[in-house]
Each structure stands twice: as structure tokens, then as C-alpha cells.
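One structure is given here, and the rest of the page talks about it.
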Amino acid sequence: MVIEIHLANFDGPLDLLLHLIKTNEMDIYDIQMVEITEQYLAVIEQMKQLDLDIAGEFLLMAATLIHIKSRLLLPACEEPEDEEEEDPRAELVRRLLEYQRYKEAAEALERLPQLERDVFINQFVPAEILEDADDEVTIGIYQLAEAFHRILRDVPSEVFHEVIREPLSVAEYVQIVIDKLAGGARRSFREVFSEQPSRAEVIVTFLAVLELVKMRMVKVDQASEHGDIWLQMAVSSADAKEIGLVEAVLGYE
Amino acid sequence: MNELRKLIEAFIFAAESPLSLDRLCALLERSRAELRPMIEQLLSDYPPSRRGFYLAEVAGGYQFRTDPECAPWLRKLNRERPFRFSQAALETLAIIAYRQPITRAEVEYLRGVDSGGVMKTLLDKGLLRILGKKDVPGRPLMYGTSRHFLELFGLRSLEDLPTLKEFSALDPELAEAVPLDPQGEG
Amino acid sequence: MNELRKLIEAFIFAAESPLSLDRLCALLERSRAELRPMIEQLLSDYPPSRRGFYLAEVAGGYQFRTDPECAPWLRKLNRERPFRFSQAALETLAIIAYRQPITRAEVEYLRGVDSGGVMKTLLDKGLLRILGKKDVPGRPLMYGTSRHFLELFGLRSLEDLPTLKEFSALDPELAEAVPLDPQGEG
């Protein structure tokens, strides 16, 4: 039996299966698996020949049908405990019946008198209730979320993160540390940090100090084992400026 | 015409969406007991099919609407074509209407196909609303239909939805076996 | 009621602007001679001051309008409208809800426009609260959403806000950009 199928008309594998069951005048509670599977696969084949993109759902259903068919073809087990084993088709039947209900409900919805299609409301808005009403929308949580994601889509993500994370540059902090040690001042490691530094600031300041030590621009000493660490410029401020602290030189971004 | 009834009529006429009895009570500073008989009177003054429009009970309120019999003519007024629901959209809407609150995964299980695109469209059209998150791993969003859904289909409430055809009177076991929350229907 | 008069009534009721006799003749494919007496009849069916609305002759056409005497009351319809937000307020609220704690400058950066006025309004409505000061030069205030915000949107907590993942799951365009977790729902 050849069945003309227009695939675009089917909403999904359940829809297609229901159609096949109906055109074959089968009892939905007693689906002839061999026949249905054959026809279903023929439709899939047709899809392939037409070079249509076969949605994954259709292929998954094909696999399910083949699986059910093979289970039905297996000889019945002799062990008595398998007597009450569920019909392999049961789950499929349940889904088909449930789907059929909503398909019918959808048809019933379609028949209801629809606003702007079957019934209309008056468009007259009295002038006295118009004030302040322009350009306003009533919102729910979806509209709120939707608004946010629209903004996210419009703002390039890198720029966005720059604002929120405020990446700190090591070069900038090298300059800040040099400024603090200007005029040969001797300062404790603690004083080099700003008053209430953020985590990122602490890290960047520390890296800046390490850089300066590496470049032998800053001397570090510690009087006692767990005592304060002291910092002092090892070169004159003028020399420090000449070095020209470019981020690229430092190797940080 | 009684002054109060006249005001009720004007309010219903001027409002942009159906006005509920409670809302009318608040607007007019009157009790439900006072207003209810007047609304009954208005309902019988503007019954369906007699005039070009009638007083409809919809989405928990009252609204004047044109007689559906006039629709073929009235469509000539509209420059834009009304939104036509695809079968996929209607199915999805039906499942959500009858099963709310329901997650996307549950909708997809029932339809057997991916439904994200359709649900997004329905959300954009204001026909669905998010009812919260389900208390299961992953906390998926739960969806339901909006007030606008009721207005669009001229339903007084969800109870007005056409009754779902029963599964099968012969096989009550099957009906019980559906892997969804039975309280979902309402 | 005469079928033709019913149609005229429905047309006038549903039209966006006043309908002229000529337009009605065109829509109904009838002559002026046929329609004019029916309009006369409708004008006397809906005279001014008797009901909440009347059939007005305006701008060379016909339109149902509310009785001017009802105007002082109708103004309340606008004022009592529950929670209406401008697009600007909506955007601002969305940004703050998802990005809190956030400063005014950051909100303005994202929106690309001055948002001081909108944020003040939202604060006045009790939808925002101040969460403290940010540790950056100038120590700007940081804002977040209030308890009232949660109540208004029926959220148990901020975790109930739909996440980007859930959104992209519904939006095929975004879905391409963001890898989806198939276990995400269900």
C-alpha cells in the first residue's frame, strides 16, 4: 500500500503515526506493528529522497517502532513470572491517545470565536482616559526577562564584562606604586595598597611590586621574620619615568 | 436609564480589556450586591445575536463584542490580517491550557517534538505566562496561559475550555498511567 | 433587528475611526438611499445622554462614543490601571534585577541613555533598594530590587527569575550562540 504523504502537514512523529493508524483503519489499542513500522519507515525514506531535513524526533520514533516490533516478534518467554509483562506497545498507545486528546482540543480551540478574527471590540478610546497612557505596557516576569535579554543581545559581551569586572592593569598599578614611593620614601608593603582594596586590586598591586623588584627598581627588606616588609625605590624617580612602562613590555594585558 | 447603570455601561464600553465586577465595584465605590443586578440587566439588554454587538462575559469580566455572525463582513475593515495559529501553536496552547502549570519538557513529551520556538512565539504574543519554577532538579520554568489567552478565545475562565474527550471509558488504567501530574488539569 | 442595520451597527462599533456613509456603502455594497434611513434609525436608537454611550456624528462619519457626562468617572480607568510600566522603566528594572548590585552609571552604560529619572521613579514605587556604596572612586550607590519587586512579579526569590539559559532554550536565534544543556529541563 502506497501512501501519499505531505510531510509538511505533520506536526511530529506522533501526528504522523496517528495518521497512519487512521488511514489503515487500525484499532489504536491493537496497532499492527509490522505494518505500521514498514509504512513509517517508507515515509522516512521518502523524506530522505526528497532531501528533506529529517528532524531527530522522526528518527527517534523510527527506532522506537523497530524496537517494539522486534520485542513482539520474539517468542513468548516460557517463564511464568513474565506472564504479566506489559505489552511493548502500551507506552506508545498511551502517548498516542494523550496526543490525540490535545490534537482534538487544539481543533476545538481553533473553532472558538477568536478576537480580531470572529469578534471585534470597539476601538474608540475616550480622550479623558488617554492622558499618560502613551507608550506604556503591562508587564509580567517574561516581559521583564525578555527586556533584559534584548539589552544583552544589543550590548557586545566583551564591553559588557569590562564594565562589570573592571579589569585592572598591572602597568597602571606599577605607576601607582612608584608614585607612592616618590621622593625616596620608605613605605611598608601594607601602605602601598589602597585603603579598602578589592581582591583584584590586592592581586594587581602585588604583581606590580613583583615587577618592580624584578626590574630592580624597588628594594625590599624585612627587619624581622614576620615583621613588616618595607619598600623603597632603588632608582631615582626620573630614571623610573625614562624606563617607559609600557604594558607590552611588562607582558601583561 | 438609571445613572449607575449608565456609568457601568460607559466603563465597560471605554475600558481596553474586560472589566470584572470587582474592578467595577472599586471604580464606582459600590458593593457587589448593588452592581450585580445592574450587570444582569445589561446582559439582558445586550444579548447575543440581536444587535451588531453584545455584552460578553470574558476573562472574568465584561466587554462589548461584535456579533460573530457579522465577522465575514467586518474582516473587510481590517487592513492587517489576523494572526493565524499554526497547528503546532494550537496544540502547544491546548496542552498548556489544560495542563498548566507545565514545563517545556512536559509539553515536548506530549507533543513528541521540540516546542521551544512555538512557546517563545506564544510568550511574545502574551498568550502564556511564567508561573514559577518547578521544584525538581534543574528547576525548570512552569508555564500557564495568560488573561489575554482567555480574552482572545472569548472564555470566561479556564473552566470554559471545551471538555477534553475522555481517554477511553473501557480502559481507566491507561488514563491513570499518564506520567503527568493529574492536578494539572483545571 | 434588520440584518443590514445589524451589520451597520457592527461596522460602526468595530471601526477604528468614524465611518462615513460612503464608506459604509462601499463596505456593504449598497446604495446611500438604502443605508441612510437605517443610520437615521440607529441615531435615534442610541441618542445622547440616555445610555453610557451614544451614536455620534463626527468628522463626517459615525462613531459610538461614551456619554460626556460620564467623563469624570472614566478618568479613573486610567489612574487605576494596575502596574503599567513604560518601556524605559521596564528595561531599567530588568537590568537591575539581573545585574544587582549595580550602579546608576552601569545601568546607563547598558541602556545608552540617562536613567536617573526612571530609577528615581522605581525607587519611589518601592521596587528598588539601595544596597550600599561601591568601592570605586566616587563611591557611587549600588542598587538592587526590593521585596516588593518579588511580590509584584510573583517570585519567591531572585532565583526564580528566568535565566539566560532558559531564554536561549526558547529562542532558536540565541540557541545557536549558547550551547544548550539537554538535561537543563525536566
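In the C-alpha cells, chains take the letters A, B, ... in the order shown, each chain's residues start at 1, and ligands count up from 1 in the order shown.
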Item to check | chain C on chain B, all Cα pairs in order, RMSD | outcome: 18.1 Å
Next on the checklist: as JSON, numbers by chain, could you give me every residue of chain B near chain A (at most 7 Å apart, counting only C-alpha atoms)?
Outcome noted: {"B": [14, 64, 65, 66, 67, 68, 71, 82, 88, 90, 91, 94, 95, 110, 111, 112, 113, 129, 130, 152, 153, 154, 162, 164, 165, 167, 174, 178]}
Taking N, CA, C and O atoms for each residue, export the selection above as a short mmCIF file (atom, residue, chain, number, x, y, z; two decimals), in the first residue's frame.
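And here is the file that came out, part.cif:
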data_model
loop_
_atom_site.label_atom_id
_atom_site.label_comp_id
_atom_site.auth_asym_id
_atom_site.auth_seq_id
_atom_site.Cartn_x
_atom_site.Cartn_y
_atom_site.Cartn_z
N ALA B 14 -15.68 51.84 27.58
CA ALA B 14 -14.43 52.57 27.41
C ALA B 14 -13.18 51.78 27.79
O ALA B 14 -12.09 52.11 27.36
N PHE B 64 -18.03 44.61 25.58
CA PHE B 64 -18.88 44.61 24.39
C PHE B 64 -18.10 44.03 23.23
O PHE B 64 -16.94 44.39 23.01
N ARG B 65 -18.73 43.12 22.51
CA ARG B 65 -18.07 42.49 21.36
C ARG B 65 -19.05 42.38 20.20
O ARG B 65 -20.25 42.24 20.42
N THR B 66 -18.52 42.38 18.99
CA THR B 66 -19.42 42.27 17.84
C THR B 66 -19.98 40.86 17.73
O THR B 66 -19.38 39.89 18.16
N ASP B 67 -21.15 40.79 17.14
CA ASP B 67 -21.80 39.50 16.90
C ASP B 67 -20.94 38.67 15.94
O ASP B 67 -20.60 39.14 14.86
N PRO B 68 -20.57 37.43 16.35
CA PRO B 68 -19.72 36.62 15.47
C PRO B 68 -20.29 36.43 14.06
O PRO B 68 -19.54 36.27 13.10
N ALA B 71 -18.84 38.64 11.42
CA ALA B 71 -17.40 38.54 11.18
C ALA B 71 -16.99 38.58 9.71
O ALA B 71 -16.08 39.33 9.35
N PRO B 82 -5.60 38.94 10.55
CA PRO B 82 -5.49 38.48 11.93
C PRO B 82 -4.44 37.38 12.05
O PRO B 82 -4.15 36.68 11.09
N ALA B 88 0.82 23.63 15.13
CA ALA B 88 1.77 23.46 16.22
C ALA B 88 1.46 24.42 17.37
O ALA B 88 1.48 24.03 18.54
N LEU B 90 -1.44 25.86 18.08
CA LEU B 90 -2.71 25.50 18.72
C LEU B 90 -2.54 24.29 19.65
O LEU B 90 -3.07 24.27 20.75
N GLU B 91 -1.79 23.29 19.18
CA GLU B 91 -1.55 22.11 20.01
C GLU B 91 -0.83 22.47 21.30
O GLU B 91 -1.21 22.04 22.38
N ALA B 94 -3.07 24.35 23.54
CA ALA B 94 -4.07 23.47 24.15
C ALA B 94 -3.45 22.68 25.30
O ALA B 94 -4.03 22.60 26.39
N ILE B 95 -2.27 22.13 25.07
CA ILE B 95 -1.61 21.35 26.11
C ILE B 95 -1.35 22.21 27.34
O ILE B 95 -1.64 21.82 28.47
N LEU B 110 4.60 15.39 25.48
CA LEU B 110 3.24 15.16 24.98
C LEU B 110 3.14 15.36 23.47
O LEU B 110 2.42 14.63 22.80
N ARG B 111 3.85 16.34 22.95
CA ARG B 111 3.76 16.59 21.51
C ARG B 111 4.70 15.71 20.70
O ARG B 111 4.50 15.52 19.51
N GLY B 112 5.75 15.25 21.35
CA GLY B 112 6.72 14.41 20.65
C GLY B 112 7.71 15.20 19.81
O GLY B 112 8.46 14.62 19.05
N VAL B 113 7.67 16.53 19.91
CA VAL B 113 8.62 17.35 19.15
C VAL B 113 9.10 18.53 19.98
O VAL B 113 8.44 18.95 20.92
N ARG B 129 2.14 32.76 30.27
CA ARG B 129 2.90 33.46 31.29
C ARG B 129 3.67 32.44 32.10
O ARG B 129 3.33 31.25 32.10
N ILE B 130 4.73 32.93 32.74
CA ILE B 130 5.57 32.05 33.53
C ILE B 130 4.99 31.98 34.93
O ILE B 130 4.71 33.01 35.54
N LEU B 152 -8.66 36.38 24.09
CA LEU B 152 -8.55 36.07 22.66
C LEU B 152 -9.57 35.02 22.24
O LEU B 152 -10.15 35.11 21.16
N PHE B 153 -9.79 34.04 23.10
CA PHE B 153 -10.72 32.97 22.72
C PHE B 153 -12.10 33.15 23.33
O PHE B 153 -12.95 32.26 23.24
N GLY B 154 -12.32 34.31 23.95
CA GLY B 154 -13.64 34.61 24.48
C GLY B 154 -14.10 33.68 25.60
O GLY B 154 -15.28 33.35 25.69
N PRO B 162 -13.30 23.85 26.25
CA PRO B 162 -14.06 22.65 25.84
C PRO B 162 -13.54 21.43 26.61
O PRO B 162 -12.35 21.31 26.84
N LEU B 164 -12.13 18.03 27.56
CA LEU B 164 -11.27 17.08 26.86
C LEU B 164 -12.01 15.77 26.71
O LEU B 164 -12.63 15.29 27.64
N LYS B 165 -11.91 15.20 25.55
CA LYS B 165 -12.54 13.91 25.34
C LYS B 165 -11.85 12.90 26.25
O LYS B 165 -10.63 12.88 26.35
N PHE B 167 -10.19 9.65 27.69
CA PHE B 167 -9.32 8.65 27.10
C PHE B 167 -10.07 7.50 26.50
O PHE B 167 -10.14 7.30 25.32
N LEU B 174 -5.26 3.09 31.73
CA LEU B 174 -4.44 3.90 30.85
C LEU B 174 -4.47 5.35 31.27
O LEU B 174 -3.45 6.04 31.28
N VAL B 178 -0.81 8.03 32.73
CA VAL B 178 -0.16 9.16 32.07
C VAL B 178 0.84 9.82 33.04
O VAL B 178 0.49 10.18 34.15
#
Checklist entry - Which value, in Å to one decimal, gives the distance between CA of Ile12 (chain C) and CA of Leu27 (chain B)? => result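 Atom-to-atom, CA of Ile12 (chain C) and CA of Leu27 (chain B) are spaced 27.6 Å apart.
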Item to check | Residues of chain B within 9 Å of chain C, counting only C-alpha atoms, as an MDAnalysis selection string | outcome: chainID B and resid 1:3 5:15 27:28 50:53 65:67 70 73:74 76:78 103:106 115:121 130:133 136:141
Next on the checklist: DSSP on the backbone, strand (DSSP E or B) only: what residues of region 11-185 of chain C does that give? Format it as a PyMOL selection string.
Outcome noted: chain C and resi 19+53-58+61-66+84-86+102-103+128-133+141-145
Next on the checklist: Would you pick out the contacts of Arg36 (chain C) at 9 Å or less, using only C-alpha atoms, so that residues sharing its chain but fewer than 5 positions from it are not included, and give the list as a ChimeraX atom specification?
Outcome noted: /C:21,31,41
Next on the checklist: Applying 9 Å and only C-alpha atoms, which residues near Arg186 (chain A) remain after dropping the ones on its own chain fewer than 3 positions away? List them as JSON, numbers by chain.
Outcome noted: {"A": [181, 230, 231, 232, 233]}
Next, write the just-selected residues to a file, as a short mmCIF file (atom, residue, chain, number, x, y, z; two decimals), in the first residue's frame, keeping all heavy atoms as the atom set.
data_model
loop_
_atom_site.label_atom_id
_atom_site.label_comp_id
_atom_site.auth_asym_id
_atom_site.auth_seq_id
_atom_site.Cartn_x
_atom_site.Cartn_y
_atom_site.Cartn_z
N LEU A 181 56.04 55.72 46.29
CA LEU A 181 57.42 55.68 46.79
C LEU A 181 58.23 56.88 46.30
O LEU A 181 59.45 56.92 46.46
CB LEU A 181 58.10 54.38 46.33
CG LEU A 181 57.43 53.08 46.81
CD1 LEU A 181 58.12 51.88 46.19
CD2 LEU A 181 57.46 52.98 48.33
N TRP A 230 59.31 46.22 53.91
CA TRP A 230 59.49 47.62 53.54
C TRP A 230 59.92 47.75 52.10
O TRP A 230 60.70 46.96 51.60
CB TRP A 230 60.48 48.30 54.49
CG TRP A 230 59.94 48.38 55.90
CD1 TRP A 230 60.11 47.44 56.87
CD2 TRP A 230 59.14 49.41 56.43
NE1 TRP A 230 59.45 47.83 58.01
CE2 TRP A 230 58.83 49.03 57.78
CE3 TRP A 230 58.63 50.63 55.95
CZ2 TRP A 230 58.06 49.83 58.62
CZ3 TRP A 230 57.88 51.42 56.78
CH2 TRP A 230 57.58 51.01 58.11
N LEU A 231 59.41 48.77 51.47
CA LEU A 231 59.74 49.02 50.07
C LEU A 231 60.38 50.39 49.92
O LEU A 231 60.00 51.33 50.60
CB LEU A 231 58.47 49.00 49.20
CG LEU A 231 57.60 47.76 49.26
CD1 LEU A 231 56.36 47.96 48.41
CD2 LEU A 231 58.37 46.52 48.79
N GLN A 232 61.35 50.46 49.03
CA GLN A 232 61.99 51.73 48.75
C GLN A 232 62.48 51.72 47.32
O GLN A 232 62.91 50.68 46.82
CB GLN A 232 63.18 51.95 49.71
CG GLN A 232 63.62 53.37 49.79
CD GLN A 232 64.64 53.59 50.91
OE1 GLN A 232 65.18 52.62 51.48
NE2 GLN A 232 64.93 54.83 51.20
N MET A 233 62.38 52.89 46.65
CA MET A 233 62.85 52.97 45.28
C MET A 233 64.35 52.74 45.22
O MET A 233 65.09 53.24 46.06
CB MET A 233 62.57 54.35 44.67
CG MET A 233 61.10 54.66 44.38
SD MET A 233 60.31 53.50 43.27
CE MET A 233 61.10 53.95 41.73
#
Next on the checklist: For a quick check of understanding, using only C-alpha atoms, which of A:Ala63, A:Ala145, A:Leu92, A:Leu212 has the smallest distance to Leu93 (chain C)?
Outcome noted: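 Answer, going by the shortest atom-to-atom distance: A:Ala145.
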Next on the checklist: To one decimal place in Å, what is the distance between CA of Leu59 (chain A) and CA of Glu35 (chain A)?
Outcome noted: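 According to the coordinates, CA of Leu59 (chain A) and CA of Glu35 (chain A) are separated by 17.3 Å.
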Checklist entry - What is the CA of Ser44 (chain B) to CA of Ala56 (chain C) distance in Å? => result 23.9 Å
Next on the checklist: Using DSSP secondary structure from the backbone, list all helix (DSSP H, G or I) positions within chain B, as a PyMOL selection string.
Outcome noted: chain B and resi 3-14+21-28+32-45+68-74+87-99+104-111+116-124+147-153+158-160+172-177+182-184
Restrict the selected residues to C-alpha atoms and save them as an mmCIF file, in the first residue's frame.
data_model
loop_
_atom_site.group_PDB
_atom_site.id
_atom_site.type_symbol
_atom_site.label_atom_id
_atom_site.label_comp_id
_atom_site.auth_asym_id
_atom_site.auth_seq_id
_atom_site.Cartn_x
_atom_site.Cartn_y
_atom_site.Cartn_z
ATOM 1 C CA GLU B 3 -27.442 56.736 36.383
ATOM 2 C CA LEU B 4 -25.398 53.950 37.897
ATOM 3 C CA ARG B 5 -26.259 51.541 35.131
ATOM 4 C CA LYS B 6 -25.304 54.210 32.640
ATOM 5 C CA LEU B 7 -21.899 54.574 34.296
ATOM 6 C CA ILE B 8 -21.345 50.830 34.301
ATOM 7 C CA GLU B 9 -22.184 50.760 30.622
ATOM 8 C CA ALA B 10 -19.777 53.612 29.908
ATOM 9 C CA PHE B 11 -16.988 51.981 31.894
ATOM 10 C CA ILE B 12 -17.367 48.679 30.118
ATOM 11 C CA PHE B 13 -17.521 50.455 26.787
ATOM 12 C CA ALA B 14 -14.429 52.573 27.414
ATOM 13 C CA LEU B 21 -17.315 43.030 38.794
ATOM 14 C CA ASP B 22 -14.690 43.686 41.471
ATOM 15 C CA ARG B 23 -12.998 46.293 39.347
ATOM 16 C CA LEU B 24 -16.336 47.995 38.692
ATOM 17 C CA CYS B 25 -17.079 47.987 42.418
ATOM 18 C CA ALA B 26 -13.724 49.686 43.058
ATOM 19 C CA LEU B 27 -14.213 52.239 40.296
ATOM 20 C CA LEU B 28 -17.733 53.146 41.324
ATOM 21 C CA ARG B 32 -21.106 43.823 44.581
ATOM 22 C CA ALA B 33 -24.674 43.394 45.799
ATOM 23 C CA GLU B 34 -25.575 46.784 44.321
ATOM 24 C CA LEU B 35 -23.857 46.290 40.991
ATOM 25 C CA ARG B 36 -24.572 42.679 40.240
ATOM 26 C CA PRO B 37 -28.278 43.111 39.373
ATOM 27 C CA MET B 38 -27.395 46.025 37.105
ATOM 28 C CA ILE B 39 -24.922 43.943 35.217
ATOM 29 C CA GLU B 40 -27.547 41.219 34.888
ATOM 30 C CA GLN B 41 -29.847 43.861 33.446
ATOM 31 C CA LEU B 42 -27.188 44.989 30.969
ATOM 32 C CA LEU B 43 -26.518 41.414 29.925
ATOM 33 C CA SER B 44 -30.156 41.043 29.011
ATOM 34 C CA ASP B 45 -30.213 44.487 27.329
ATOM 35 C CA PRO B 68 -19.721 36.617 15.474
ATOM 36 C CA GLU B 69 -22.211 36.354 12.587
ATOM 37 C CA CYS B 70 -21.022 39.722 11.324
ATOM 38 C CA ALA B 71 -17.401 38.542 11.176
ATOM 39 C CA PRO B 72 -17.176 37.805 7.445
ATOM 40 C CA TRP B 73 -18.156 41.400 6.738
ATOM 41 C CA LEU B 74 -16.142 43.000 9.493
ATOM 42 C CA GLN B 87 -1.388 23.607 14.131
ATOM 43 C CA ALA B 88 1.773 23.456 16.224
ATOM 44 C CA ALA B 89 0.853 26.654 18.051
ATOM 45 C CA LEU B 90 -2.708 25.498 18.723
ATOM 46 C CA GLU B 91 -1.550 22.106 20.007
ATOM 47 C CA THR B 92 1.000 23.683 22.291
ATOM 48 C CA LEU B 93 -1.512 26.206 23.518
ATOM 49 C CA ALA B 94 -4.070 23.468 24.145
ATOM 50 C CA ILE B 95 -1.608 21.346 26.112
ATOM 51 C CA ILE B 96 -0.547 24.290 28.239
ATOM 52 C CA ALA B 97 -4.130 25.447 28.761
ATOM 53 C CA TYR B 98 -5.269 22.053 30.012
ATOM 54 C CA ARG B 99 -2.125 21.010 31.830
ATOM 55 C CA ARG B 104 8.619 22.828 28.439
ATOM 56 C CA ALA B 105 9.929 19.262 28.726
ATOM 57 C CA GLU B 106 6.438 18.023 29.581
ATOM 58 C CA VAL B 107 4.938 19.825 26.604
ATOM 59 C CA GLU B 108 7.552 18.275 24.378
ATOM 60 C CA TYR B 109 6.935 14.814 25.766
ATOM 61 C CA LEU B 110 3.239 15.163 24.984
ATOM 62 C CA ARG B 111 3.755 16.594 21.511
ATOM 63 C CA GLY B 116 10.821 25.894 22.192
ATOM 64 C CA GLY B 117 10.225 28.063 19.144
ATOM 65 C CA VAL B 118 6.458 27.769 19.376
ATOM 66 C CA MET B 119 6.446 28.532 23.078
ATOM 67 C CA LYS B 120 8.609 31.588 22.520
ATOM 68 C CA THR B 121 6.153 32.881 19.918
ATOM 69 C CA LEU B 122 3.227 32.304 22.271
ATOM 70 C CA LEU B 123 5.077 34.112 25.060
ATOM 71 C CA ASP B 124 5.848 37.009 22.745
ATOM 72 C CA ARG B 147 -5.555 36.532 30.787
ATOM 73 C CA HIS B 148 -5.029 37.585 27.219
ATOM 74 C CA PHE B 149 -5.466 33.964 26.189
ATOM 75 C CA LEU B 150 -8.947 33.990 27.731
ATOM 76 C CA GLU B 151 -9.749 37.281 26.023
ATOM 77 C CA LEU B 152 -8.551 36.067 22.665
ATOM 78 C CA PHE B 153 -10.715 32.973 22.718
ATOM 79 C CA LEU B 158 -10.251 28.150 32.160
ATOM 80 C CA GLU B 159 -13.311 26.172 33.193
ATOM 81 C CA ASP B 160 -14.904 27.321 29.965
ATOM 82 C CA PRO B 172 -9.331 3.515 33.145
ATOM 83 C CA GLU B 173 -5.859 2.125 33.834
ATOM 84 C CA LEU B 174 -4.435 3.898 30.849
ATOM 85 C CA ALA B 175 -5.787 7.213 32.000
ATOM 86 C CA GLU B 176 -4.068 6.787 35.332
ATOM 87 C CA ALA B 177 -0.792 5.852 33.782
ATOM 88 C CA PRO B 182 -3.146 14.717 37.463
ATOM 89 C CA GLN B 183 -3.804 18.014 39.277
ATOM 90 C CA GLY B 184 -2.500 19.700 36.189
#
